[in-house]
Amino acid sequence: GVPARRDPHERVPRRRGGGGAGRVPEQGVQGPGAGRPPDHHPGGARRLHRLRRLRGRLPGQEQDRGPAHSYKQHIYVADLQNYYWDLEGITPKTWFRPSDVPFDEEGAFVLKGMTNSKKFLWNTHMFAENRSKVMDVYCRLQEDGLIGNQDIYIRKYVPLVNYSISIRDLPISKEFRFFVAYGKVLSGGFYWSNFVEDIKESGSVPSINEVPKEFLENVIERIGKNINFYAIDVAETIEGKWIVVELNDGAMSGVSENDPDELYRNLARVINEDG
C-alpha cells in the first residue's frame with residue numbers, strides 16, 4: 001500500500017551519505033538549462049542583491065530566518081511525498097517504492113529523487129518506457145552521487161505538449177514556472193530557459209497567459225499555508241489539461257524566464273503587506 005503521509009513538521013533524521021532532510025540538495029534539475037542558478041541567469045547578480053536587500057529590510061528576528069519561510073516549511077516542498085497528497089488529481093500519479101507499482105500498470109513512467117531529478121539524462125536516468133524498465137532506471141539512479149542519497153519515486157508519465165526533442169530524447173514541453181508568496185503570484189515565465197530562442201525562431205511564443213488563472217488559484221488554495229514562498233511548475237498535456245509538474249522552494253529555485261526585477265519587487269511588496 002501507499003505509505004502514510006510524512007508530517008512536514010516532523011524532524012527527519014539525516015540520511016547516511018549526506019542526503020535527506022538534514023542536508024537537502026538544491027532544488028531543480030541538475031545540469032545546464034532550466035532553473036539556472038542566479039549567478040548564471042541574466043540579471044542573476046541583481047537577483048542576489050535584491051534578496052540581500054530584502055533580508056536587511058525585515059525587522060527583528062525575521063532577518064535570522066530569511067524573508068520568506070521557516071525550515072519546517074522548506075521540508076514541505078523538499079520532498080515530493082509531503083505535498084503530493086495535497087495535489088493529488090492535478091499532478092501525475094506517484095508511487096513511493098518500486099514494489100508499490102502494480103505489475104499490470106500500463107504505459108510509461110518517470111523516476112526522480114525526492115528533491116532532484118536527472119532530466120538531462122532523460123532516456124537513461126528518468127524515463128522508463130514500461131513497468132519492466134522501471135527497475136533499470138531505478139538502479140541507475142541509486143548509483144548516482146546526488147539521487148542515490150535520496151528516496152526515489154516513480155511517477156506516471158503524462159505526455160505533454162512539446163515544442164521539440166533535445167539530446168537524450170528530452171522533451172522540451174509547454175511548461176511554465178510561477179513564483180508564489182503568501183498566496184499571491186509574484187511572476188511567471190517559460191521554464192526551459194536554454195531553449196526559448198530556438199522555440200521563438202520556430203514560430204512559437206510560449207506565454208504565461210495560456211495557463212488558466214483558475215488552475216493556479218486551485219493549486220495555491222490546496223497548498224495553503226504549508227509554505228510561504230515557493231515555485232510551481234505547470235505544464236499542458238496533449239489532452240489540453242494543465243497539471244502540476246512539481247513544487248520547489250522559492251528561495252532555492254532558478255528563475256527560468258521569470259523577470260528577476262519583477263519577481264523580487266513583488267516579493268518585497270508582499271512581504272511588507274502580509275509577511
# chains A, B, ... in the order shown; residues from 1 in each chain; ligands from 1
call {"tool": "closest_atom_pairs", "arguments": {"of": "segment 117-153 of chain A", "to": "segment 100-106 of chain A", "cutoff": "10 Å", "atoms": "only C-alpha atoms", "output": "tab-separated table"}}
result
residue	atom	partner	partner_atom	distance
A:Glu129	CA	A:Glu106	CA	9.6
A:Asn130	CA	A:Glu106	CA	6.8
A:Arg131	CA	A:Phe103	CA	6.6
A:Ser132	CA	A:Phe103	CA	8.2
A:Val134	CA	A:Val101	CA	9.3
call {"tool": "write_last_selection", "arguments": {"atoms": "N, CA and C atoms", "output": "mmCIF file, in the first residue's frame"}}
result
data_model
loop_
_atom_site.group_PDB
_atom_site.id
_atom_site.type_symbol
_atom_site.label_atom_id
_atom_site.label_comp_id
_atom_site.auth_asym_id
_atom_site.auth_seq_id
_atom_site.Cartn_x
_atom_site.Cartn_y
_atom_site.Cartn_z
ATOM 1 N N GLU A 129 10.109 3.214 -20.296
ATOM 2 C CA GLU A 129 9.053 3.062 -21.296
ATOM 3 C C GLU A 129 7.936 2.133 -20.861
ATOM 4 N N ASN A 130 8.189 1.273 -19.876
ATOM 5 C CA ASN A 130 7.145 0.393 -19.364
ATOM 6 C C ASN A 130 7.524 -0.090 -17.969
ATOM 7 N N ARG A 131 6.636 -0.878 -17.367
ATOM 8 C CA ARG A 131 6.846 -1.351 -15.994
ATOM 9 C C ARG A 131 8.119 -2.180 -15.852
ATOM 10 N N SER A 132 8.445 -2.960 -16.849
ATOM 11 C CA SER A 132 9.624 -3.832 -16.762
ATOM 12 C C SER A 132 10.927 -3.044 -16.771
ATOM 13 N N VAL A 134 11.310 -0.080 -15.192
ATOM 14 C CA VAL A 134 11.378 0.783 -14.022
ATOM 15 C C VAL A 134 12.605 0.478 -13.170
#
call {"tool": "residues_around", "arguments": {"residues": "Glu221 of chain A", "least_positions_apart": "2", "cutoff": "12 Å", "atoms": "only C-alpha atoms", "output": "list in words"}}
result
Asp86, Leu87, Val180, Tyr182, Gly183, Lys184, Val185, Glu214, Phe215, Leu216, Glu217, Asn218, Val219, Ile223, Gly224, Lys225, Asn226 and Ile227 of chain A
call {"tool": "write_last_selection", "arguments": {"atoms": "C-alpha atoms", "output": "PDB file, in the first residue's frame"}}
result
ATOM      1  CA  ASP A  86      -2.417  17.996  -1.469  1.00  0.00           C
ATOM      2  CA  LEU A  87      -2.093  17.998  -5.255  1.00  0.00           C
ATOM      3  CA  VAL A 180       4.126  32.500  -5.232  1.00  0.00           C
ATOM      4  CA  TYR A 182       1.716  34.282   0.830  1.00  0.00           C
ATOM      5  CA  GLY A 183      -0.854  33.031  -1.676  1.00  0.00           C
ATOM      6  CA  LYS A 184      -0.100  35.657  -4.330  1.00  0.00           C
ATOM      7  CA  VAL A 185       1.520  35.075  -7.723  1.00  0.00           C
ATOM      8  CA  GLU A 214      -8.441  29.301 -12.128  1.00  0.00           C
ATOM      9  CA  PHE A 215      -5.978  26.424 -12.281  1.00  0.00           C
ATOM     10  CA  LEU A 216      -3.262  28.396 -10.489  1.00  0.00           C
ATOM     11  CA  GLU A 217      -5.751  29.561  -7.876  1.00  0.00           C
ATOM     12  CA  ASN A 218      -6.744  25.947  -7.227  1.00  0.00           C
ATOM     13  CA  VAL A 219      -3.101  24.924  -6.758  1.00  0.00           C
ATOM     14  CA  ILE A 223      -1.025  24.334  -0.791  1.00  0.00           C
ATOM     15  CA  GLY A 224      -2.442  26.845   1.646  1.00  0.00           C
ATOM     16  CA  LYS A 225      -0.085  27.904   4.414  1.00  0.00           C
ATOM     17  CA  ASN A 226       2.177  24.871   4.216  1.00  0.00           C
ATOM     18  CA  ILE A 227       4.860  27.126   2.739  1.00  0.00           C
TER      19      ILE A 227
END
call {"tool": "closest_residue", "arguments": {"among": "A:Ala128, A:Val137, A:Ile271, A:Leu160", "to": "Lys241 of chain A", "atoms": "only C-alpha atoms"}}
result
A:Leu160
call {"tool": "residues_around", "arguments": {"residues": "Pro212 of chain A", "least_positions_apart": "6", "cutoff": "12 Å", "atoms": "only C-alpha atoms", "output": "number ranges by chain"}}
result
A: 176, 218-219, 234-236, 240-243
call {"tool": "closest_atom_pairs", "arguments": {"of": "segment 85-200 of chain A", "to": "segment 246-268 of chain A", "cutoff": "10 Å", "atoms": "only C-alpha atoms", "output": "tab-separated table"}}
result
residue	atom	partner	partner_atom	distance
A:Leu87	CA	A:Glu246	CA	9.5
A:Thr91	CA	A:Glu246	CA	7.7
A:Pro92	CA	A:Glu246	CA	9.4
A:Thr115	CA	A:Asn248	CA	8.3
A:Asn116	CA	A:Asn248	CA	9.9
A:Phe176	CA	A:Glu257	CA	8.6
A:Arg177	CA	A:Ser256	CA	7.1
A:Phe178	CA	A:Asn258	CA	7.9
A:Phe179	CA	A:Gly250	CA	6.6
A:Val180	CA	A:Gly250	CA	7.7
A:Ala181	CA	A:Leu267	CA	6.9
A:Tyr182	CA	A:Leu267	CA	9.4
A:Lys184	CA	A:Leu267	CA	9.3
A:Val185	CA	A:Asn266	CA	8.8
A:Leu186	CA	A:Asn266	CA	5.5
A:Ser187	CA	A:Leu263	CA	5.4
A:Gly188	CA	A:Asn258	CA	5.4
A:Gly189	CA	A:Asn258	CA	4.4
A:Phe190	CA	A:Glu257	CA	5.2
A:Tyr191	CA	A:Ser256	CA	5.2
A:Trp192	CA	A:Ser256	CA	6.5
A:Ser193	CA	A:Ser256	CA	5.3
A:Asn194	CA	A:Ser256	CA	8.8
A:Val196	CA	A:Glu257	CA	8.5
call {"tool": "closest_atom_pairs", "arguments": {"of": "segment 87-150 of chain A", "to": "segment 69-82 of chain A", "cutoff": "12 Å", "atoms": "only C-alpha atoms", "output": "Markdown table"}}
result
| residue | atom | partner | partner_atom | distance |
| --- | --- | --- | --- | --- |
| A:Leu87 | CA | A:Asn82 | CA | 10.0 |
| A:Glu88 | CA | A:Gln81 | CA | 10.8 |
| A:Thr91 | CA | A:Leu80 | CA | 10.8 |
| A:Pro92 | CA | A:Leu80 | CA | 11.4 |
| A:Lys93 | CA | A:Gln81 | CA | 11.5 |
| A:Thr94 | CA | A:Gln81 | CA | 8.8 |
| A:Trp95 | CA | A:Gln81 | CA | 9.2 |
| A:Phe96 | CA | A:Gln81 | CA | 7.5 |
| A:Arg97 | CA | A:Gln81 | CA | 11.1 |
| A:Leu111 | CA | A:Leu80 | CA | 11.8 |
| A:Lys112 | CA | A:Leu80 | CA | 9.6 |
| A:Gly113 | CA | A:Asp79 | CA | 8.5 |
| A:Met114 | CA | A:Asp79 | CA | 4.8 |
| A:Thr115 | CA | A:Ala78 | CA | 5.4 |
| A:Asn116 | CA | A:Ala78 | CA | 9.0 |
| A:Ser117 | CA | A:Leu80 | CA | 11.5 |
| A:Gln150 | CA | A:Asp79 | CA | 9.3 |
call {"tool": "write_last_selection", "arguments": {"atoms": "all heavy atoms", "output": "short mmCIF file (atom, residue, chain, number, x, y, z; two decimals), in the first residue's frame"}}
result
data_model
loop_
_atom_site.label_atom_id
_atom_site.label_comp_id
_atom_site.auth_asym_id
_atom_site.auth_seq_id
_atom_site.Cartn_x
_atom_site.Cartn_y
_atom_site.Cartn_z
N LEU A 87 -1.91 17.74 -3.82
CA LEU A 87 -2.09 18.00 -5.26
C LEU A 87 -2.60 16.77 -6.02
O LEU A 87 -2.67 16.79 -7.25
CB LEU A 87 -0.77 18.46 -5.87
CG LEU A 87 -0.16 19.73 -5.28
CD1 LEU A 87 1.16 20.06 -5.97
CD2 LEU A 87 -1.13 20.91 -5.40
N GLU A 88 -2.97 15.74 -5.29
CA GLU A 88 -3.43 14.51 -5.94
C GLU A 88 -4.59 14.80 -6.89
O GLU A 88 -5.52 15.52 -6.54
CB GLU A 88 -3.86 13.49 -4.89
CG GLU A 88 -4.07 12.09 -5.44
CD GLU A 88 -4.32 11.08 -4.34
OE1 GLU A 88 -4.66 11.49 -3.21
OE2 GLU A 88 -4.18 9.87 -4.60
N THR A 91 -1.65 16.35 -10.42
CA THR A 91 -0.23 16.07 -10.64
C THR A 91 -0.13 14.59 -10.97
O THR A 91 -1.02 13.80 -10.59
CB THR A 91 0.59 16.45 -9.39
OG1 THR A 91 1.98 16.52 -9.74
CG2 THR A 91 0.39 15.45 -8.25
N PRO A 92 0.90 14.17 -11.71
CA PRO A 92 0.96 12.77 -12.12
C PRO A 92 0.91 11.78 -10.95
O PRO A 92 1.47 12.03 -9.89
CB PRO A 92 2.31 12.68 -12.85
CG PRO A 92 2.52 14.06 -13.39
CD PRO A 92 1.97 14.97 -12.34
N LYS A 93 0.20 10.68 -11.16
CA LYS A 93 0.12 9.64 -10.15
C LYS A 93 1.52 9.18 -9.77
O LYS A 93 2.39 9.01 -10.63
CB LYS A 93 -0.70 8.46 -10.68
CG LYS A 93 -0.97 7.38 -9.64
CD LYS A 93 -1.89 6.30 -10.19
CE LYS A 93 -2.20 5.24 -9.14
NZ LYS A 93 -3.11 4.19 -9.65
N THR A 94 1.73 8.96 -8.47
CA THR A 94 3.07 8.68 -7.96
C THR A 94 3.07 7.49 -7.01
O THR A 94 2.15 7.35 -6.19
CB THR A 94 3.63 9.92 -7.24
OG1 THR A 94 3.63 11.05 -8.13
CG2 THR A 94 5.06 9.68 -6.75
N TRP A 95 4.11 6.65 -7.14
CA TRP A 95 4.35 5.57 -6.20
C TRP A 95 5.68 5.83 -5.51
O TRP A 95 6.63 6.31 -6.13
CB TRP A 95 4.40 4.23 -6.93
CG TRP A 95 3.12 3.87 -7.61
CD1 TRP A 95 2.08 3.15 -7.11
CD2 TRP A 95 2.73 4.18 -8.97
NE1 TRP A 95 1.07 3.00 -8.03
CE2 TRP A 95 1.44 3.62 -9.19
CE3 TRP A 95 3.35 4.88 -10.02
CZ2 TRP A 95 0.78 3.74 -10.40
CZ3 TRP A 95 2.68 5.00 -11.22
CH2 TRP A 95 1.41 4.43 -11.40
N PHE A 96 5.76 5.51 -4.23
CA PHE A 96 6.94 5.89 -3.45
C PHE A 96 7.91 4.74 -3.22
O PHE A 96 8.95 4.94 -2.60
CB PHE A 96 6.48 6.51 -2.13
CG PHE A 96 5.69 7.77 -2.36
CD1 PHE A 96 4.30 7.77 -2.29
CD2 PHE A 96 6.33 8.95 -2.70
CE1 PHE A 96 3.57 8.91 -2.53
CE2 PHE A 96 5.61 10.10 -2.95
CZ PHE A 96 4.23 10.10 -2.86
N ARG A 97 7.59 3.56 -3.75
CA ARG A 97 8.50 2.42 -3.76
C ARG A 97 8.24 1.64 -5.04
O ARG A 97 7.09 1.55 -5.49
CB ARG A 97 8.26 1.51 -2.55
CG ARG A 97 8.55 2.14 -1.20
CD ARG A 97 8.12 1.24 -0.07
NE ARG A 97 6.69 0.92 -0.15
CZ ARG A 97 5.95 0.57 0.90
NH1 ARG A 97 6.50 0.50 2.10
NH2 ARG A 97 4.67 0.29 0.76
N LEU A 111 11.09 8.61 -13.27
CA LEU A 111 11.61 8.41 -11.93
C LEU A 111 12.44 9.62 -11.52
O LEU A 111 13.13 10.23 -12.35
CB LEU A 111 12.48 7.15 -11.85
CG LEU A 111 11.75 5.81 -11.85
CD1 LEU A 111 11.28 5.42 -13.24
CD2 LEU A 111 12.63 4.71 -11.27
N LYS A 112 12.37 9.99 -10.25
CA LYS A 112 13.13 11.12 -9.74
C LYS A 112 13.41 10.92 -8.27
O LYS A 112 12.76 10.11 -7.61
CB LYS A 112 12.36 12.44 -9.95
CG LYS A 112 11.10 12.57 -9.10
CD LYS A 112 10.38 13.88 -9.38
CE LYS A 112 11.19 15.10 -9.04
NZ LYS A 112 11.45 15.26 -7.58
N GLY A 113 14.38 11.68 -7.76
CA GLY A 113 14.63 11.68 -6.34
C GLY A 113 13.59 12.50 -5.62
O GLY A 113 12.78 13.19 -6.24
N MET A 114 13.60 12.44 -4.29
CA MET A 114 12.58 13.16 -3.52
C MET A 114 12.66 14.66 -3.77
O MET A 114 11.67 15.38 -3.64
CB MET A 114 12.71 12.86 -2.03
CG MET A 114 13.88 13.50 -1.34
SD MET A 114 13.84 13.14 0.43
CE MET A 114 15.02 14.35 1.03
N THR A 115 13.84 15.15 -4.15
CA THR A 115 14.02 16.58 -4.41
C THR A 115 14.50 16.86 -5.82
O THR A 115 14.04 17.79 -6.46
CB THR A 115 15.04 17.18 -3.42
OG1 THR A 115 14.58 16.98 -2.08
CG2 THR A 115 15.22 18.68 -3.65
N ASN A 116 15.42 16.06 -6.32
CA ASN A 116 16.07 16.33 -7.60
C ASN A 116 15.74 15.27 -8.65
O ASN A 116 15.28 14.18 -8.32
CB ASN A 116 17.59 16.39 -7.42
CG ASN A 116 18.00 17.42 -6.40
OD1 ASN A 116 18.10 17.10 -5.22
ND2 ASN A 116 18.25 18.63 -6.82
N SER A 117 16.03 15.62 -9.90
CA SER A 117 15.87 14.67 -10.99
C SER A 117 17.09 14.74 -11.89
O SER A 117 17.96 15.59 -11.74
CB SER A 117 14.60 14.97 -11.79
OG SER A 117 14.78 16.15 -12.58
N GLN A 150 18.92 10.02 -2.00
CA GLN A 150 17.54 10.44 -1.80
C GLN A 150 16.60 9.24 -1.99
O GLN A 150 16.96 8.25 -2.63
CB GLN A 150 17.15 11.53 -2.81
CG GLN A 150 18.01 12.77 -2.76
CD GLN A 150 17.61 13.79 -3.82
OE1 GLN A 150 16.46 13.84 -4.24
NE2 GLN A 150 18.57 14.60 -4.24
#
call {"tool": "select_by_dssp", "arguments": {"residues": "segment 193-241 of chain A", "states": "helix (DSSP H, G or I)", "output": "PDB file with N, CA and C atoms, in the first residue's frame"}}
result
ATOM      1  N   SER A 193      14.715  27.728 -20.099  1.00  0.00           N
ATOM      2  CA  SER A 193      15.455  28.944 -20.442  1.00  0.00           C
ATOM      3  C   SER A 193      16.375  28.771 -21.643  1.00  0.00           C
ATOM      4  N   ASN A 194      17.085  27.674 -21.710  1.00  0.00           N
ATOM      5  CA  ASN A 194      18.083  27.496 -22.768  1.00  0.00           C
ATOM      6  C   ASN A 194      17.482  27.246 -24.140  1.00  0.00           C
ATOM      7  N   PHE A 195      16.179  27.026 -24.204  1.00  0.00           N
ATOM      8  CA  PHE A 195      15.565  26.665 -25.476  1.00  0.00           C
ATOM      9  C   PHE A 195      14.605  27.724 -25.999  1.00  0.00           C
ATOM     10  N   VAL A 196      14.436  28.810 -25.261  1.00  0.00           N
ATOM     11  CA  VAL A 196      13.395  29.764 -25.606  1.00  0.00           C
ATOM     12  C   VAL A 196      13.640  30.435 -26.956  1.00  0.00           C
ATOM     13  N   GLU A 197      14.880  30.768 -27.272  1.00  0.00           N
ATOM     14  CA  GLU A 197      15.158  31.435 -28.546  1.00  0.00           C
ATOM     15  C   GLU A 197      14.905  30.506 -29.720  1.00  0.00           C
ATOM     16  N   ASP A 198      15.297  29.244 -29.593  1.00  0.00           N
ATOM     17  CA  ASP A 198      15.047  28.277 -30.668  1.00  0.00           C
ATOM     18  C   ASP A 198      13.552  28.095 -30.893  1.00  0.00           C
ATOM     19  N   ILE A 199      12.788  28.082 -29.809  1.00  0.00           N
ATOM     20  CA  ILE A 199      11.339  27.914 -29.924  1.00  0.00           C
ATOM     21  C   ILE A 199      10.719  29.116 -30.626  1.00  0.00           C
ATOM     22  N   LYS A 200      11.180  30.306 -30.280  1.00  0.00           N
ATOM     23  CA  LYS A 200      10.655  31.521 -30.925  1.00  0.00           C
ATOM     24  C   LYS A 200      10.990  31.540 -32.410  1.00  0.00           C
ATOM     25  N   GLU A 201      12.186  31.071 -32.764  1.00  0.00           N
ATOM     26  CA  GLU A 201      12.583  31.038 -34.171  1.00  0.00           C
ATOM     27  C   GLU A 201      11.708  30.087 -34.974  1.00  0.00           C
ATOM     28  N   ILE A 208       2.759  32.922 -20.519  1.00  0.00           N
ATOM     29  CA  ILE A 208       2.152  32.532 -19.245  1.00  0.00           C
ATOM     30  C   ILE A 208       0.651  32.771 -19.252  1.00  0.00           C
ATOM     31  N   ASN A 209       0.173  33.600 -20.176  1.00  0.00           N
ATOM     32  CA  ASN A 209      -1.267  33.856 -20.260  1.00  0.00           C
ATOM     33  C   ASN A 209      -2.052  32.636 -20.725  1.00  0.00           C
ATOM     34  N   GLU A 210      -1.337  31.619 -21.221  1.00  0.00           N
ATOM     35  CA  GLU A 210      -2.003  30.385 -21.635  1.00  0.00           C
ATOM     36  C   GLU A 210      -2.431  29.543 -20.440  1.00  0.00           C
ATOM     37  N   LYS A 213      -6.014  31.003 -15.090  1.00  0.00           N
ATOM     38  CA  LYS A 213      -5.909  31.622 -13.770  1.00  0.00           C
ATOM     39  C   LYS A 213      -6.576  30.761 -12.713  1.00  0.00           C
ATOM     40  N   GLU A 214      -7.707  30.134 -13.078  1.00  0.00           N
ATOM     41  CA  GLU A 214      -8.441  29.301 -12.128  1.00  0.00           C
ATOM     42  C   GLU A 214      -7.614  28.088 -11.698  1.00  0.00           C
ATOM     43  N   PHE A 215      -6.816  27.566 -12.616  1.00  0.00           N
ATOM     44  CA  PHE A 215      -5.978  26.424 -12.281  1.00  0.00           C
ATOM     45  C   PHE A 215      -4.935  26.821 -11.237  1.00  0.00           C
ATOM     46  N   LEU A 216      -4.264  27.938 -11.453  1.00  0.00           N
ATOM     47  CA  LEU A 216      -3.262  28.396 -10.489  1.00  0.00           C
ATOM     48  C   LEU A 216      -3.897  28.679  -9.128  1.00  0.00           C
ATOM     49  N   GLU A 217      -5.070  29.270  -9.142  1.00  0.00           N
ATOM     50  CA  GLU A 217      -5.751  29.561  -7.876  1.00  0.00           C
ATOM     51  C   GLU A 217      -6.069  28.280  -7.119  1.00  0.00           C
ATOM     52  N   ASN A 218      -6.452  27.240  -7.851  1.00  0.00           N
ATOM     53  CA  ASN A 218      -6.744  25.947  -7.227  1.00  0.00           C
ATOM     54  C   ASN A 218      -5.492  25.362  -6.576  1.00  0.00           C
ATOM     55  N   VAL A 219      -4.365  25.435  -7.296  1.00  0.00           N
ATOM     56  CA  VAL A 219      -3.101  24.924  -6.758  1.00  0.00           C
ATOM     57  C   VAL A 219      -2.718  25.683  -5.488  1.00  0.00           C
ATOM     58  N   ILE A 220      -2.796  26.995  -5.542  1.00  0.00           N
ATOM     59  CA  ILE A 220      -2.414  27.828  -4.399  1.00  0.00           C
ATOM     60  C   ILE A 220      -3.313  27.548  -3.198  1.00  0.00           C
ATOM     61  N   GLU A 221      -4.604  27.368  -3.455  1.00  0.00           N
ATOM     62  CA  GLU A 221      -5.534  27.068  -2.362  1.00  0.00           C
ATOM     63  C   GLU A 221      -5.205  25.719  -1.722  1.00  0.00           C
ATOM     64  N   ARG A 222      -4.833  24.733  -2.526  1.00  0.00           N
ATOM     65  CA  ARG A 222      -4.505  23.419  -1.991  1.00  0.00           C
ATOM     66  C   ARG A 222      -3.241  23.462  -1.122  1.00  0.00           C
ATOM     67  N   ILE A 223      -2.285  24.238  -1.546  1.00  0.00           N
ATOM     68  CA  ILE A 223      -1.025  24.334  -0.791  1.00  0.00           C
ATOM     69  C   ILE A 223      -1.244  25.097   0.509  1.00  0.00           C
TER      70      ILE A 223
END
call {"tool": "select_by_dssp", "arguments": {"residues": "segment 52-208 of chain A", "states": "strand (DSSP E)", "output": "compact mmCIF listing (two decimals) with N, CA, C and O atoms, in the first residue's frame"}}
result
# COMPACT_ATOMS: atom_id res chain seq x y z
N THR A 94 1.73 8.96 -8.47
CA THR A 94 3.07 8.68 -7.96
C THR A 94 3.07 7.49 -7.01
O THR A 94 2.15 7.35 -6.19
N TRP A 95 4.11 6.65 -7.14
CA TRP A 95 4.35 5.57 -6.20
C TRP A 95 5.68 5.83 -5.51
O TRP A 95 6.63 6.31 -6.13
N PHE A 109 6.73 5.57 -17.44
CA PHE A 109 6.93 6.16 -16.12
C PHE A 109 8.12 7.11 -16.17
O PHE A 109 8.98 7.01 -17.05
N VAL A 110 8.18 8.02 -15.19
CA VAL A 110 9.37 8.82 -14.96
C VAL A 110 9.78 8.62 -13.51
O VAL A 110 8.93 8.49 -12.62
N LEU A 111 11.09 8.61 -13.27
CA LEU A 111 11.61 8.41 -11.93
C LEU A 111 12.44 9.62 -11.52
O LEU A 111 13.13 10.23 -12.35
N LYS A 112 12.37 9.99 -10.25
CA LYS A 112 13.13 11.12 -9.74
C LYS A 112 13.41 10.92 -8.27
O LYS A 112 12.76 10.11 -7.61
N GLY A 113 14.38 11.68 -7.76
CA GLY A 113 14.63 11.68 -6.34
C GLY A 113 13.59 12.50 -5.62
O GLY A 113 12.78 13.19 -6.24
N ASN A 116 15.42 16.06 -6.32
CA ASN A 116 16.07 16.33 -7.60
C ASN A 116 15.74 15.27 -8.65
O ASN A 116 15.28 14.18 -8.32
N SER A 117 16.03 15.62 -9.90
CA SER A 117 15.87 14.67 -10.99
C SER A 117 17.09 14.74 -11.89
O SER A 117 17.96 15.59 -11.74
N PHE A 127 13.36 8.34 -17.71
CA PHE A 127 12.21 7.78 -18.43
C PHE A 127 12.30 6.26 -18.50
O PHE A 127 13.34 5.70 -18.86
N ALA A 128 11.20 5.61 -18.14
CA ALA A 128 11.07 4.15 -18.28
C ALA A 128 9.88 3.88 -19.19
O ALA A 128 8.75 4.27 -18.87
N ILE A 152 13.77 7.50 -3.96
CA ILE A 152 13.48 7.56 -5.39
C ILE A 152 12.03 7.21 -5.61
O ILE A 152 11.54 6.17 -5.13
N TYR A 153 11.32 8.07 -6.35
CA TYR A 153 9.89 7.90 -6.56
C TYR A 153 9.60 7.62 -8.03
O TYR A 153 10.34 8.04 -8.93
N ILE A 154 8.49 6.94 -8.27
CA ILE A 154 8.07 6.57 -9.62
C ILE A 154 6.78 7.30 -9.94
O ILE A 154 5.80 7.20 -9.18
N ARG A 155 6.75 8.01 -11.03
CA ARG A 155 5.57 8.78 -11.42
C ARG A 155 5.06 8.29 -12.78
O ARG A 155 5.83 7.87 -13.64
N LYS A 156 3.76 8.36 -12.93
CA LYS A 156 3.16 8.01 -14.22
C LYS A 156 3.58 9.05 -15.26
O LYS A 156 3.51 10.26 -15.01
N ASN A 162 4.70 19.35 -26.63
CA ASN A 162 6.14 19.55 -26.80
C ASN A 162 6.43 20.50 -27.95
O ASN A 162 5.74 20.50 -28.97
N TYR A 163 7.51 21.27 -27.77
CA TYR A 163 7.99 22.14 -28.84
C TYR A 163 9.08 21.46 -29.66
O TYR A 163 9.21 21.70 -30.85
N SER A 164 9.87 20.61 -28.98
CA SER A 164 10.97 19.93 -29.66
C SER A 164 11.48 18.80 -28.78
O SER A 164 11.04 18.65 -27.63
N ILE A 165 12.40 18.02 -29.34
CA ILE A 165 13.07 16.95 -28.60
C ILE A 165 14.56 17.28 -28.58
O ILE A 165 15.19 17.47 -29.63
N PRO A 171 12.13 15.72 -23.90
CA PRO A 171 11.08 16.55 -24.50
C PRO A 171 11.08 17.96 -23.91
O PRO A 171 11.09 18.14 -22.69
N ILE A 172 11.08 18.96 -24.78
CA ILE A 172 11.01 20.36 -24.36
C ILE A 172 9.53 20.76 -24.45
O ILE A 172 8.99 20.98 -25.52
N SER A 173 8.90 20.82 -23.30
CA SER A 173 7.44 20.90 -23.25
C SER A 173 6.94 22.31 -22.98
O SER A 173 7.70 23.23 -22.66
N GLU A 175 5.85 24.29 -20.60
CA GLU A 175 5.94 24.26 -19.14
C GLU A 175 6.33 25.65 -18.64
O GLU A 175 7.18 26.33 -19.25
N PHE A 176 5.74 26.05 -17.55
CA PHE A 176 5.97 27.38 -17.01
C PHE A 176 6.26 27.29 -15.51
O PHE A 176 5.78 26.38 -14.83
N ARG A 177 7.05 28.25 -15.04
CA ARG A 177 7.35 28.34 -13.60
C ARG A 177 6.76 29.63 -13.05
O ARG A 177 7.01 30.72 -13.57
N PHE A 178 5.96 29.49 -11.99
CA PHE A 178 5.37 30.64 -11.30
C PHE A 178 5.91 30.69 -9.88
O PHE A 178 6.01 29.67 -9.20
N PHE A 179 6.24 31.90 -9.43
CA PHE A 179 6.64 32.10 -8.05
C PHE A 179 5.46 32.66 -7.27
O PHE A 179 4.76 33.57 -7.75
N VAL A 180 5.26 32.12 -6.07
CA VAL A 180 4.13 32.50 -5.23
C VAL A 180 4.64 32.81 -3.84
O VAL A 180 5.51 32.11 -3.31
N ALA A 181 4.11 33.87 -3.23
CA ALA A 181 4.42 34.18 -1.83
C ALA A 181 3.13 34.59 -1.13
O ALA A 181 2.38 35.42 -1.64
N LYS A 184 0.00 34.72 -3.20
CA LYS A 184 -0.10 35.66 -4.33
C LYS A 184 0.97 35.34 -5.36
O LYS A 184 2.14 35.14 -5.02
N VAL A 185 0.57 35.32 -6.64
CA VAL A 185 1.52 35.08 -7.72
C VAL A 185 2.41 36.30 -7.90
O VAL A 185 1.92 37.42 -8.08
N LEU A 186 3.71 36.09 -7.85
CA LEU A 186 4.67 37.19 -7.98
C LEU A 186 5.08 37.41 -9.42
O LEU A 186 5.22 38.55 -9.87
N SER A 187 5.31 36.30 -10.14
CA SER A 187 5.74 36.39 -11.53
C SER A 187 5.64 35.01 -12.16
O SER A 187 5.46 34.01 -11.46
N GLY A 188 5.75 34.97 -13.46
CA GLY A 188 5.72 33.71 -14.18
C GLY A 188 6.59 33.79 -15.41
O GLY A 188 6.86 34.88 -15.93
N GLY A 189 7.07 32.64 -15.87
CA GLY A 189 7.91 32.63 -17.05
C GLY A 189 8.04 31.23 -17.62
O GLY A 189 7.79 30.23 -16.93
N PHE A 190 8.44 31.14 -18.87
CA PHE A 190 8.65 29.86 -19.53
C PHE A 190 9.76 29.11 -18.80
O PHE A 190 10.76 29.69 -18.37
call {"tool": "closest_residue", "arguments": {"among": "A:Val244, A:Ile238, A:Ile90, A:Leu121", "to": "Asp169 of chain A", "atoms": "only C-alpha atoms"}}
result
A:Leu121
call {"tool": "atom_distance", "arguments": {"atom1": "atom CA of Val161 of chain A", "atom2": "atom CA of Thr237 of chain A"}}
result
5.5 Å
call {"tool": "atom_distance", "arguments": {"atom1": "atom CA of Ile232 of chain A", "atom2": "atom CA of Val211 of chain A"}}
result
11.9 Å
